[in-house]
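Asks: This one is protein33.csv, CSV, C-alpha atoms.
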chain,number,residue,atom,x,y,z
A,14,MET,CA,19.6,15.7,-27.8
A,15,ILE,CA,22.7,15.9,-25.5
A,16,THR,CA,23.4,12.7,-23.6
A,17,ALA,CA,24.7,13.0,-20.1
A,18,LEU,CA,28.0,11.1,-19.5
A,19,ASN,CA,26.5,9.2,-16.6
A,20,ASP,CA,23.9,7.8,-18.9
A,21,ILE,CA,26.5,6.1,-21.1
A,22,THR,CA,27.5,2.4,-20.5
A,23,PHE,CA,30.2,0.3,-22.1
A,24,GLU,CA,29.6,-3.1,-23.4
A,25,HIS,CA,33.3,-4.1,-23.6
A,26,PRO,CA,35.1,-2.0,-21.0
A,27,GLN,CA,38.1,-4.3,-21.0
A,28,TRP,CA,39.4,-2.5,-24.1
A,29,PHE,CA,40.3,0.5,-21.9
A,30,TRP,CA,43.3,-1.5,-20.7
A,31,LEU,CA,44.9,-0.4,-24.0
A,32,PHE,CA,45.3,3.1,-22.6
A,33,LEU,CA,48.1,1.7,-20.5
A,34,ILE,CA,50.3,1.7,-23.7
A,35,PHE,CA,49.8,5.4,-24.2
A,36,PRO,CA,52.9,6.5,-22.2
A,37,PHE,CA,55.0,4.2,-24.5
A,38,LEU,CA,53.3,5.5,-27.6
A,39,ILE,CA,54.0,9.1,-26.6
A,40,ALA,CA,57.7,8.2,-25.8
A,41,TRP,CA,58.0,6.5,-29.2
A,42,GLN,CA,56.5,9.5,-31.0
A,43,PHE,CA,59.0,11.8,-29.4
A,44,TYR,CA,61.9,9.4,-30.1
A,45,THR,CA,61.0,9.1,-33.8
A,46,TYR,CA,60.3,12.8,-34.1
A,47,ASN,CA,63.8,13.6,-33.0
A,48,LYS,CA,65.3,10.9,-35.3
A,49,GLN,CA,63.5,12.3,-38.3
A,50,ASN,CA,64.7,15.9,-37.7
A,51,ALA,CA,68.4,16.1,-38.6
A,52,THR,CA,70.4,19.1,-37.5
A,53,VAL,CA,72.2,21.2,-40.1
A,54,LYS,CA,74.7,23.8,-39.3
A,55,LEU,CA,74.7,26.9,-41.6
A,56,SER,CA,76.8,30.0,-41.4
A,57,SER,CA,73.8,32.1,-42.4
A,58,LEU,CA,70.0,31.8,-42.8
A,59,SER,CA,69.6,34.8,-45.0
A,60,GLY,CA,69.0,32.6,-48.1
A,61,PHE,CA,65.9,31.0,-46.5
A,62,SER,CA,62.5,32.7,-46.5
A,63,GLY,CA,60.9,33.2,-43.1
A,64,ASP,CA,57.4,32.9,-44.4
A,65,GLN,CA,57.3,29.2,-44.0
A,66,GLY,CA,58.8,29.0,-40.5
A,67,TRP,CA,55.5,28.8,-38.8
A,68,LEU,CA,54.6,25.7,-40.8
A,69,SER,CA,57.4,23.7,-39.1
A,70,LYS,CA,55.7,24.4,-35.7
A,71,LEU,CA,52.6,22.5,-36.9
A,72,LYS,CA,54.5,19.2,-37.1
A,73,PRO,CA,53.8,18.2,-33.4
A,74,ILE,CA,50.1,18.6,-34.1
A,75,LEU,CA,50.3,15.5,-36.3
A,76,MET,CA,51.3,13.4,-33.3
A,77,VAL,CA,48.4,14.9,-31.3
A,78,PHE,CA,46.0,14.0,-34.1
A,79,ARG,CA,47.3,10.4,-34.2
A,80,LEU,CA,47.1,9.9,-30.4
A,81,LEU,CA,43.6,11.3,-30.3
A,82,ALA,CA,42.5,9.1,-33.1
A,83,ILE,CA,43.9,6.0,-31.3
A,84,GLY,CA,42.2,7.0,-28.1
A,85,LEU,CA,38.9,7.4,-29.9
A,86,LEU,CA,39.3,4.0,-31.6
A,87,ILE,CA,40.0,2.4,-28.2
A,88,THR,CA,36.9,4.0,-26.8
A,89,ALA,CA,34.8,2.9,-29.8
A,90,MET,CA,36.0,-0.7,-29.3
A,91,ALA,CA,34.7,-0.5,-25.7
A,92,ARG,CA,31.3,0.1,-27.4
A,93,PRO,CA,29.7,3.1,-25.6
A,94,ARG,CA,26.0,3.2,-25.7
A,95,THR,CA,22.9,4.5,-23.9
A,96,VAL,CA,20.0,2.3,-22.9
A,97,ASP,CA,16.3,3.1,-22.5
A,98,VAL,CA,14.6,0.6,-20.3
A,99,SER,CA,10.8,0.3,-20.3
A,100,THR,CA,9.0,-2.0,-17.9
A,101,GLN,CA,5.6,-3.7,-18.3
A,102,THR,CA,4.2,-5.3,-15.2
A,103,ASN,CA,1.4,-7.9,-15.3
A,104,THR,CA,-0.4,-9.2,-12.1
A,105,THR,CA,-1.0,-12.9,-12.7
A,106,GLN,CA,-2.6,-13.6,-9.4
A,107,GLY,CA,-4.2,-10.8,-7.4
A,108,VAL,CA,-5.5,-11.0,-3.8
A,109,ASP,CA,-8.7,-9.5,-2.5
A,110,ILE,CA,-8.4,-8.6,1.2
A,111,VAL,CA,-11.0,-7.4,3.7
A,112,MET,CA,-9.8,-6.1,7.1
A,113,ALA,CA,-12.4,-6.5,9.8
A,114,ILE,CA,-11.6,-4.2,12.6
A,115,ASP,CA,-13.1,-4.2,16.1
A,116,VAL,CA,-14.1,-0.6,17.1
A,117,SER,CA,-15.6,-1.3,20.5
A,118,ALA,CA,-14.8,1.0,23.4
A,119,SER,CA,-12.2,-1.5,24.7
A,120,MET,CA,-10.1,-0.7,21.6
A,121,LEU,CA,-9.2,2.6,23.4
A,122,ALA,CA,-7.2,0.6,26.1
A,123,ARG,CA,-3.7,1.9,26.5
A,124,ASP,CA,-1.7,-1.2,26.7
A,125,LEU,CA,-0.6,-0.4,23.2
A,126,LYS,CA,0.6,3.1,22.4
A,127,PRO,CA,-1.1,5.5,22.2
A,128,ASN,CA,-4.0,3.0,22.4
A,129,ARG,CA,-5.0,-0.2,20.6
A,130,LEU,CA,-7.1,1.5,17.9
A,131,GLU,CA,-4.5,4.1,16.9
A,132,ALA,CA,-1.7,1.5,17.0
A,133,LEU,CA,-3.7,-0.8,14.7
A,134,LYS,CA,-4.5,2.1,12.2
A,135,GLU,CA,-0.7,2.9,11.9
A,136,VAL,CA,0.3,-0.8,11.3
A,137,ALA,CA,-2.7,-1.4,9.0
A,138,SER,CA,-1.8,1.7,6.9
A,139,ASP,CA,1.7,0.3,6.3
A,140,PHE,CA,0.2,-3.1,5.3
A,141,VAL,CA,-2.1,-1.4,2.7
A,142,GLN,CA,0.8,0.5,1.2
A,143,ALA,CA,2.8,-2.7,1.0
A,144,ARG,CA,0.0,-4.3,-1.3
A,145,PRO,CA,0.1,-2.0,-4.4
A,146,THR,CA,-1.4,-4.6,-6.7
A,147,ASP,CA,-4.2,-6.0,-4.5
A,148,ARG,CA,-7.8,-4.9,-3.8
A,149,ILE,CA,-8.6,-4.1,-0.2
A,150,GLY,CA,-11.8,-3.3,1.7
A,151,LEU,CA,-12.6,-2.3,5.3
A,152,VAL,CA,-15.3,-3.6,7.7
A,153,VAL,CA,-15.8,-2.2,11.2
A,154,TYR,CA,-17.8,-3.8,13.9
A,155,ALA,CA,-18.7,-3.5,17.6
A,156,GLY,CA,-22.2,-4.6,18.6
A,157,GLU,CA,-23.1,-4.5,14.9
A,158,SER,CA,-21.0,-4.3,11.7
A,159,PHE,CA,-21.0,-2.3,8.5
A,160,THR,CA,-18.8,-1.8,5.5
A,161,LYS,CA,-16.4,1.1,5.7
A,162,THR,CA,-15.0,0.7,2.3
A,163,PRO,CA,-15.8,-2.0,-0.4
A,164,ILE,CA,-12.9,-3.8,-1.9
A,165,THR,CA,-11.0,-1.4,-4.2
A,166,SER,CA,-7.6,-1.0,-5.8
A,167,ASP,CA,-7.6,2.7,-5.0
A,168,LYS,CA,-5.2,2.7,-1.9
A,169,ARG,CA,-5.9,6.4,-1.3
A,170,ILE,CA,-9.5,5.7,-0.6
A,171,VAL,CA,-8.6,2.8,1.7
A,172,LEU,CA,-6.0,4.8,3.6
A,173,ASN,CA,-8.4,7.8,4.1
A,174,ALA,CA,-11.1,5.5,5.3
A,175,LEU,CA,-8.7,3.8,7.7
A,176,ASN,CA,-7.5,7.1,9.1
A,177,ASP,CA,-11.1,8.1,9.7
A,178,ILE,CA,-11.9,5.1,11.9
A,179,GLU,CA,-12.6,6.0,15.5
A,180,TYR,CA,-14.8,5.0,18.4
A,181,ASN,CA,-18.2,6.6,18.5
A,182,THR,CA,-21.4,6.0,20.4
A,183,LEU,CA,-23.5,5.7,17.2
A,184,ILE,CA,-22.6,2.1,16.7
A,185,GLU,CA,-24.1,-0.4,19.1
A,186,SER,CA,-21.8,-1.4,21.9
A,187,GLY,CA,-20.4,-4.9,22.3
A,188,THR,CA,-18.3,-7.2,20.2
A,189,ALA,CA,-20.1,-9.0,17.4
A,190,ILE,CA,-17.3,-11.2,16.0
A,191,GLY,CA,-19.8,-13.3,14.0
A,192,MET,CA,-21.4,-10.2,12.3
A,193,GLY,CA,-18.0,-8.7,11.5
A,194,LEU,CA,-16.9,-11.9,9.9
A,195,ALA,CA,-20.2,-12.4,8.1
A,196,THR,CA,-20.1,-8.8,6.6
A,197,SER,CA,-16.6,-9.4,5.4
A,198,VAL,CA,-17.6,-12.7,3.7
A,199,ASN,CA,-20.4,-10.8,2.0
A,200,ARG,CA,-17.9,-8.3,0.6
A,201,LEU,CA,-15.8,-11.1,-0.8
A,202,LYS,CA,-18.2,-13.9,-1.9
A,203,ASP,CA,-18.7,-12.5,-5.4
A,204,SER,CA,-15.0,-11.8,-5.9
A,205,GLU,CA,-13.3,-13.4,-8.9
A,206,ALA,CA,-9.8,-13.1,-7.4
A,207,LYS,CA,-7.9,-16.4,-7.1
A,208,SER,CA,-7.2,-15.7,-3.5
A,209,LYS,CA,-9.7,-14.2,-1.0
A,210,VAL,CA,-8.5,-13.2,2.5
A,211,ILE,CA,-10.1,-11.8,5.7
A,212,ILE,CA,-8.0,-10.3,8.4
A,213,LEU,CA,-10.2,-10.2,11.5
A,214,LEU,CA,-9.0,-8.3,14.6
A,215,THR,CA,-10.6,-8.2,18.0
A,216,ASP,CA,-9.7,-7.5,21.6
A,217,GLY,CA,-12.6,-9.2,23.2
A,218,VAL,CA,-15.1,-12.0,23.2
A,219,ASN,CA,-18.3,-12.5,21.1
A,220,ASN,CA,-21.1,-11.0,23.2
A,221,ALA,CA,-23.4,-9.3,20.7
A,222,GLY,CA,-24.9,-9.6,17.3
A,223,PHE,CA,-27.4,-12.1,15.8
A,224,ILE,CA,-25.0,-14.2,13.7
A,225,ASP,CA,-23.1,-17.0,15.4
A,226,PRO,CA,-19.4,-16.9,14.7
A,227,LYS,CA,-19.4,-20.6,13.8
A,228,ILE,CA,-22.1,-19.9,11.1
A,229,ALA,CA,-20.0,-17.1,9.7
A,230,THR,CA,-17.0,-19.4,9.7
A,231,GLU,CA,-19.0,-21.9,7.6
A,232,LEU,CA,-19.9,-19.2,5.2
A,233,ALA,CA,-16.2,-18.2,4.8
A,234,LEU,CA,-15.3,-21.9,4.2
A,235,GLU,CA,-18.1,-22.3,1.6
A,236,TYR,CA,-16.8,-19.3,-0.4
A,237,ASP,CA,-13.2,-20.4,0.0
A,238,ILE,CA,-12.2,-17.4,2.0
A,239,LYS,CA,-9.1,-17.7,4.1
A,240,THR,CA,-9.3,-15.9,7.5
A,241,TYR,CA,-6.4,-14.7,9.6
A,242,THR,CA,-7.5,-13.8,13.1
A,243,ILE,CA,-5.7,-11.5,15.5
A,244,GLY,CA,-6.2,-11.2,19.3
A,245,LEU,CA,-5.2,-7.7,20.4
A,246,GLY,CA,-4.3,-6.9,24.0
A,247,SER,CA,-1.7,-7.5,26.6
A,248,ASN,CA,-1.8,-10.5,29.0
A,249,GLY,CA,-3.5,-9.9,32.4
A,250,MET,CA,-4.7,-6.4,33.1
A,251,ALA,CA,-4.7,-3.3,30.9
A,252,LEU,CA,-5.6,0.4,31.4
A,253,GLY,CA,-8.9,0.7,29.7
A,254,PRO,CA,-12.1,2.9,29.7
A,255,VAL,CA,-14.5,2.0,32.6
A,256,SER,CA,-17.0,4.9,32.5
A,257,ILE,CA,-17.8,8.3,30.9
A,258,ASP,CA,-17.9,11.5,32.9
A,259,ARG,CA,-20.4,14.4,32.4
A,260,GLN,CA,-18.2,16.0,29.7
A,261,GLY,CA,-18.3,12.8,27.7
A,262,ASN,CA,-14.7,11.8,28.4
A,263,PHE,CA,-13.7,8.3,29.4
A,264,ASN,CA,-12.5,7.5,32.9
A,265,TYR,CA,-9.7,4.8,32.8
A,266,GLY,CA,-9.0,2.0,35.2
A,267,ARG,CA,-7.3,-1.4,35.3
A,268,VAL,CA,-9.5,-4.0,33.6
A,269,PRO,CA,-8.9,-7.6,32.7
A,270,VAL,CA,-8.0,-8.5,29.1
A,271,GLU,CA,-10.4,-11.1,27.8
A,272,ILE,CA,-9.9,-12.5,24.3
A,273,ASP,CA,-11.7,-15.6,23.1
A,274,GLU,CA,-8.6,-17.2,21.7
A,275,THR,CA,-10.3,-20.6,21.3
A,276,LEU,CA,-12.9,-19.1,18.9
A,277,LEU,CA,-10.3,-17.1,17.0
A,278,LYS,CA,-8.1,-20.2,16.5
A,279,GLU,CA,-11.1,-22.2,15.4
A,280,ILE,CA,-12.1,-19.6,12.8
A,281,ALA,CA,-8.5,-19.5,11.4
A,282,ASN,CA,-8.0,-23.3,11.4
A,283,LYS,CA,-11.2,-24.1,9.6
A,284,THR,CA,-10.7,-21.5,6.9
A,285,GLY,CA,-7.0,-22.3,6.3
A,286,GLY,CA,-5.7,-19.2,8.0
A,287,GLN,CA,-3.7,-18.6,11.2
A,288,TYR,CA,-4.3,-17.1,14.6
A,289,PHE,CA,-1.9,-14.5,16.0
A,290,ARG,CA,-1.7,-12.7,19.4
A,291,ALA,CA,-0.5,-9.2,19.5
A,292,THR,CA,0.4,-8.0,23.1
A,293,ASP,CA,2.3,-4.8,22.1
A,294,ASN,CA,3.0,-2.5,19.2
A,295,ASP,CA,6.1,-4.5,17.9
A,296,LYS,CA,4.2,-7.8,17.9
A,297,LEU,CA,1.3,-6.3,16.0
A,298,GLU,CA,3.6,-4.9,13.4
A,299,LYS,CA,5.4,-8.2,13.0
A,300,ILE,CA,2.0,-10.0,12.6
A,301,TYR,CA,1.0,-7.9,9.7
A,302,GLU,CA,4.4,-8.3,8.1
A,303,GLU,CA,4.0,-12.1,8.5
A,304,ILE,CA,0.6,-12.0,6.8
A,305,ASN,CA,2.0,-9.9,4.1
A,306,LYS,CA,4.6,-12.5,3.4
A,307,LEU,CA,2.1,-15.4,3.5
A,308,GLU,CA,-0.3,-13.8,1.1
A,309,THR,CA,1.9,-13.1,-1.9
A,310,THR,CA,0.8,-11.8,-5.3
A,311,GLU,CA,2.4,-13.3,-8.4
A,312,ILE,CA,3.7,-10.5,-10.7
A,313,GLU,CA,5.3,-10.9,-14.1
A,314,GLU,CA,7.7,-8.1,-15.0
A,315,PHE,CA,8.9,-7.6,-18.6
A,316,LYS,CA,11.8,-5.3,-19.3
A,317,PHE,CA,12.5,-3.9,-22.8
A,318,TYR,CA,15.9,-2.5,-23.6
A,319,ASN,CA,16.5,0.0,-26.4
A,320,TYR,CA,20.2,0.5,-27.0
A,321,ASP,CA,21.6,3.6,-28.8
A,322,GLU,CA,25.1,2.8,-30.0
A,323,LYS,CA,27.6,5.7,-29.7
A,324,TYR,CA,30.8,4.2,-31.2
A,325,ARG,CA,30.1,5.2,-34.8
A,326,VAL,CA,30.6,8.9,-34.2
A,327,LEU,CA,33.9,8.1,-32.4
A,328,VAL,CA,35.1,6.1,-35.4
A,329,LEU,CA,34.2,8.9,-37.8
A,330,ILE,CA,36.0,11.5,-35.7
A,331,ALA,CA,39.1,9.2,-35.5
A,332,ALA,CA,39.0,8.7,-39.3
A,333,PHE,CA,38.7,12.5,-39.8
A,334,LEU,CA,41.8,13.1,-37.5
A,335,LEU,CA,43.9,10.5,-39.4
A,336,LEU,CA,42.8,11.9,-42.7
A,337,LEU,CA,43.6,15.4,-41.5
A,338,GLU,CA,47.1,14.2,-40.4
A,339,VAL,CA,47.8,12.7,-43.9
A,340,LEU,CA,46.6,15.9,-45.7
A,341,ILE,CA,48.6,18.2,-43.6
A,342,LYS,CA,51.7,16.0,-43.8
A,343,ASN,CA,51.5,15.7,-47.6
A,344,THR,CA,50.6,19.3,-48.3
A,345,LEU,CA,51.5,22.0,-45.8
A,346,LEU,CA,54.3,20.1,-44.2
A,347,ARG,CA,55.5,18.2,-47.2
A,348,SER,CA,58.9,19.9,-47.3
A,349,PHE,CA,59.5,19.3,-43.6
A,350,VAL,CA,58.9,15.5,-43.4
Starting from the file, lay out its structure as structure tokens.
Replies:
Amino acid sequence: MITALNDITFEHPQWFWLFLIFPFLIAWQFYTYNKQNATVKLSSLSGFSGDQGWLSKLKPILMVFRLLAIGLLITAMARPRTVDVSTQTNTTQGVDIVMAIDVSASMLARDLKPNRLEALKEVASDFVQARPTDRIGLVVYAGESFTKTPITSDKRIVLNALNDIEYNTLIESGTAIGMGLATSVNRLKDSEAKSKVIILLTDGVNNAGFIDPKIATELALEYDIKTYTIGLGSNGMALGPVSIDRQGNFNYGRVPVEIDETLLKEIANKTGGQYFRATDNDKLEKIYEEINKLETTEIEEFKFYNYDEKYRVLVLIAAFLLLLEVLIKNTLLRSFV
């Protein structure tokens, strides 16, 4: 198998400094070559056979062999080698995460671009891809709640499900924060992960559902599930849906942004999480980045190095060149040295 030059590393590259003496070696070789070749003046060369004249021209090759051998030995001392690195990764502490997403009509408000729901889907997708070793599930809720995706390590399934989330009139209208939280707890209560996390996002107040958010919070606390809550929406007024026309399209108007921050803070504080407020796209992205940093997964990585030493072949070639020099010098060129 041919090894590419860029795959070769040198264990002791400092030996390459010896190449700085090569100009002096070449100069010395020329100096001694001229000293060893005396000049004899003859009136005629007719007494000498011309058959061996070509042999005298081989003598400079001895110097080339010697210099090549020295260069190869220097390179061998630098210890060239290739390395094959294999990695084994062990997850020592995984995190199971459920993202509970409000899909009520108010999530179509356009204070985030292009609207709250689409902005959330983009940021949440980046968050999922940044957690390659964790299991993630999706819960959606409005006036009621249901599981979109159970917790799974298959990120492709989660991303596809996340991309498919949209507002529809099939789910009961309203904002049932208690039910969204309770459904998320139900998805995590039997998890054996060392860390269990809910990320609950809403842009409104609890006004639907038959489970009180405080009861759902107690359930999360009982099962040791940390909950991060996010209030989504700008301060003051926002352009949101106010009615539906005959074609089924929303009419938009300026509506007040009402988020029950007191409730969201209480849920987060009781379960050991944090409350965040996202008033625009950038803040929403930074919130998920912050949660990603807070909920770290411990990973052990083992690297195994397999070295293939290359210096031996260089030493053998250098030895062959020196041996070839000695043989030529003491056979073919014996009468000329």
Asks: Quick one: distance from CA of Pro269 in chain A to CA of Gly249 in chain A in Å, one decimal?
Replies: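 Spanning CA of Pro269 in chain A to CA of Gly249 in chain A is a straight-line distance of 5.9 Å.
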Asks: Extract, using all atoms listed in the file, all DNA, RNA and protein residues at most 12 Å from Lys299 in chain A, discarding same-chain residues fewer than 4 positions from it, and format them as a list of chain:residue names.
Replies: A:Leu133, A:Val136, A:Ala137, A:Asp139, A:Phe140, A:Ile243, A:Phe289, A:Arg290, A:Ala291, A:Thr292, A:Asp293, A:Asn294, A:Asp295, A:Glu303, A:Ile304, A:Asn305, A:Lys306
Asks: Please list as a tab-separated table (two decimals) with C-alpha atoms, in the coordinates of the input every residue within 9 Å of Thr242 in chain A, counting only C-alpha atoms and excluding residues in the same chain fewer than 4 positions away.
Replies:
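Contents of the output file around_20.tsv:
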chain	number	residue	atom	x	y	z
A	211	ILE	CA	-10.10	-11.80	5.70
A	212	ILE	CA	-8.00	-10.30	8.40
A	213	LEU	CA	-10.20	-10.20	11.50
A	214	LEU	CA	-9.00	-8.30	14.60
A	215	THR	CA	-10.60	-8.20	18.00
A	277	LEU	CA	-10.30	-17.10	17.00
A	278	LYS	CA	-8.10	-20.20	16.50
A	280	ILE	CA	-12.10	-19.60	12.80
A	281	ALA	CA	-8.50	-19.50	11.40
A	286	GLY	CA	-5.70	-19.20	8.00
A	287	GLN	CA	-3.70	-18.60	11.20
A	288	TYR	CA	-4.30	-17.10	14.60
A	289	PHE	CA	-1.90	-14.50	16.00
A	290	ARG	CA	-1.70	-12.70	19.40
Asks: Between A:Leu297, A:Leu38, A:Lys227, A:Asn262, single out the one closest to Glu131 in chain A, counting all atoms listed in the file.
Replies: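 Of all the options, A:Leu297 lies closest to Glu131 in chain A.
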Asks: Which polymer residues have any atom within 10 Å of an atom of Glu24 in chain A, counting only C-alpha atoms, with same-chain residues fewer than 5 positions away left out, as an NGL selection string?
Replies: :A and (90-94 or 322)
Asks: Just give me the gap between CA of Phe29 in chain A and CA of Ala331 in chain A in Å, one decimal is fine.
Replies: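 It comes out at 16.2 Å.
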